[in-house]
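Scroll down for the structure; my scribbles are underneath it.
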Amino acid sequence: MSKTKYSKASRTSATRLASVQSLYEIEISGSSDDTVMLDFLQERWARLGDNGKLTDLDKAKFAALLRGVKIERPQLDELIAGALDKGRSIDRLDILLQSILRAGVFELYRENTVPAAVVINEYVDIAHAFYAEGEPALVNAVLDKLGTLLRPT
């Protein structure tokens with residue numbers, strides 16, 4: 001099998017998707033982030049990659065997102081709660097939606113080398129991959145509000 005070169009943007013998009021999937025798994029299984037990360041990198045990614053259709057994962061970014069969300073979760077949840085409409089609670093959101101928002105807010109909060117608009121667009125695209133109703137609009141609204149707050153320039 002020949003190894004195809006992928007753009008940095010494709011690698012980063014794939015990494016964000018893998019991170020959201022892993023954050024979701026951590027929540028539903030109760031497994032540690034290290035266990036899920038190793039399983040994803042050693043088993044699933046290798047197995048899925050055999051068909052030649054997946055980009056290489058940015059392993060450093062993948063680890064940084066998983067660990068960063070774990071460490072910063074209380075602050076991330078506080079930020080998300082403040083950006084939700086009145087009467088809405090992060091605890092009442094679907095676990096996958098929580099995972100998407102936490103990863104997106106973490107990037108806006110801690111990884112300011114990527115433009116906010118790019119981060120927002122990427123996580124809205126991830127939401128579109130899993131939801132057909134209003135969830136992508138919610139992701140857009142929350143991340144846009146927090147992008148303005150966290151990156152005022």
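Every chain in the structure tokens has a letter given in the order shown (A, B, ...), and although residue numbers restart at 1 in each chain, ligands are simply numbered from 1 in the order shown.
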Practice item. Can you pull out every residue within 9 Å of stretch 90-94 of chain A, counting only C-alpha atoms, but drop anything in the same chain fewer than 4 positions away, and send it as a list of chain:residue names? Key: A:Asp77, A:Glu78, A:Ile80, A:Ala81, A:Leu84, A:Gln98, A:Ser99
Residues from the last selection, N, CA and C atoms, saved as a JSON list (two decimals), in the first residue's frame:
```json
[["chain", "number", "residue", "atom", "x", "y", "z"],
["A", 77, "ASP", "N", -16.35, 23.58, 31.13],
["A", 77, "ASP", "CA", -17.78, 23.46, 31.40],
["A", 77, "ASP", "C", -18.38, 24.77, 31.90],
["A", 78, "GLU", "N", -17.61, 25.49, 32.68],
["A", 78, "GLU", "CA", -18.08, 26.80, 33.16],
["A", 78, "GLU", "C", -18.24, 27.78, 31.98],
["A", 80, "ILE", "N", -18.73, 26.97, 28.81],
["A", 80, "ILE", "CA", -19.85, 26.49, 27.99],
["A", 80, "ILE", "C", -21.18, 26.85, 28.64],
["A", 81, "ALA", "N", -21.29, 26.62, 29.93],
["A", 81, "ALA", "CA", -22.54, 26.93, 30.65],
["A", 81, "ALA", "C", -22.88, 28.41, 30.51],
["A", 84, "LEU", "N", -24.38, 29.11, 26.98],
["A", 84, "LEU", "CA", -25.66, 28.51, 26.62],
["A", 84, "LEU", "C", -26.81, 29.47, 26.91],
["A", 98, "GLN", "N", -21.54, 17.39, 24.27],
["A", 98, "GLN", "CA", -20.63, 17.89, 25.31],
["A", 98, "GLN", "C", -19.17, 17.71, 24.87],
["A", 99, "SER", "N", -18.86, 16.56, 24.29],
["A", 99, "SER", "CA", -17.49, 16.27, 23.84],
["A", 99, "SER", "C", -17.06, 17.22, 22.73]]
```
Check your understanding: Neighbours of A:Glu135 within 12 Å (only C-alpha atoms; same-chain residues fewer than 4 positions away dropped), as a ChimeraX atom specification?
Key -> /A:93-94,96-98,100-101,123-131,139-142
Point to revise | A:Ala60, A:Ile71, A:Leu66, A:Lys145 ranked by distance to A:Thr12, top pick (using only C-alpha atoms) | key: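 So, comparing all the options, the nearest one is A:Ala60.
Atom CA of A:Lys70 sits 9.8 Å away from atom CA of A:Ser32.
The protein and nucleic acid residues lying at most 10 Å from A:Lys61 are A:Arg11, A:Thr12, A:Thr15, A:Arg16, A:Ser19, A:Leu66, A:Arg67, A:Gly68, with only C-alpha atoms considered and sequence neighbours fewer than 5 positions away removed.
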Exercise for review: Calculate how many Å separate atom CA of A:Phe106 from atom CA of A:Gly134, rounding to one decimal.
Suggested key: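 Going from atom CA of A:Phe106 over to atom CA of A:Gly134 covers 22.0 Å.
Here atom CA of A:Arg102 and atom CA of A:Asp56 stand 23.1 Å from one another.
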Exercise for review: Go through A:Ala132, A:Val36, A:Leu41, A:Ser13 and flag the residue nearest A:Ile120, using only C-alpha atoms for the distances.
Suggested key: A:Ser13
Test item: residues at most 9 Å from A:Val119, only C-alpha atoms, excluding those fewer than 6 positions along its chain, as a short mmCIF file (atom, residue, chain, number, x, y, z; two decimals) with C-alpha atoms, in the first residue's frame:
```
data_model
loop_
_atom_site.label_atom_id
_atom_site.label_comp_id
_atom_site.auth_asym_id
_atom_site.auth_seq_id
_atom_site.Cartn_x
_atom_site.Cartn_y
_atom_site.Cartn_z
CA GLY A 104 -13.78 23.21 20.57
CA VAL A 105 -13.69 25.45 23.62
CA GLU A 107 -8.85 24.89 21.34
CA LEU A 108 -10.27 28.40 21.52
CA LEU A 143 -18.21 28.56 19.98
#
```
Point to revise | Selected residue of minimal separation from A:Leu146 among A:Gly82, A:Tyr24, A:Glu122, A:Ser10, counting only C-alpha atoms | key: A:Gly82
Review point. Between A:Leu76, A:Leu138, A:Ile95, A:Ala9, which is the closest to A:Gln21 once you count only C-alpha atoms?
Key: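 Of A:Leu76, A:Leu138, A:Ile95, A:Ala9, the one nearest A:Gln21 is A:Ile95, counting only C-alpha atoms.
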**Study point:** Backbone-only DSSP, alpha helix (DSSP H) members of chain A, as a PyMOL selection string
**Key:** chain A and resi 8-29+33-39+45-49+59-83+95-110+116-130+135-150
Exercise for review: Choose the residue, out of A:Ser29, A:Asn121, A:Ser7, A:Thr148, that has the smallest atom-to-atom separation from A:Ala83; count only C-alpha atoms.
Suggested key: A:Thr148
**Study point:** Proximity to A:Leu38 - best of A:Leu79, A:Ala63, A:Ala137, A:Leu17, only C-alpha atoms
**Key:**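 Smallest distance to A:Leu38 is found for A:Ala63.
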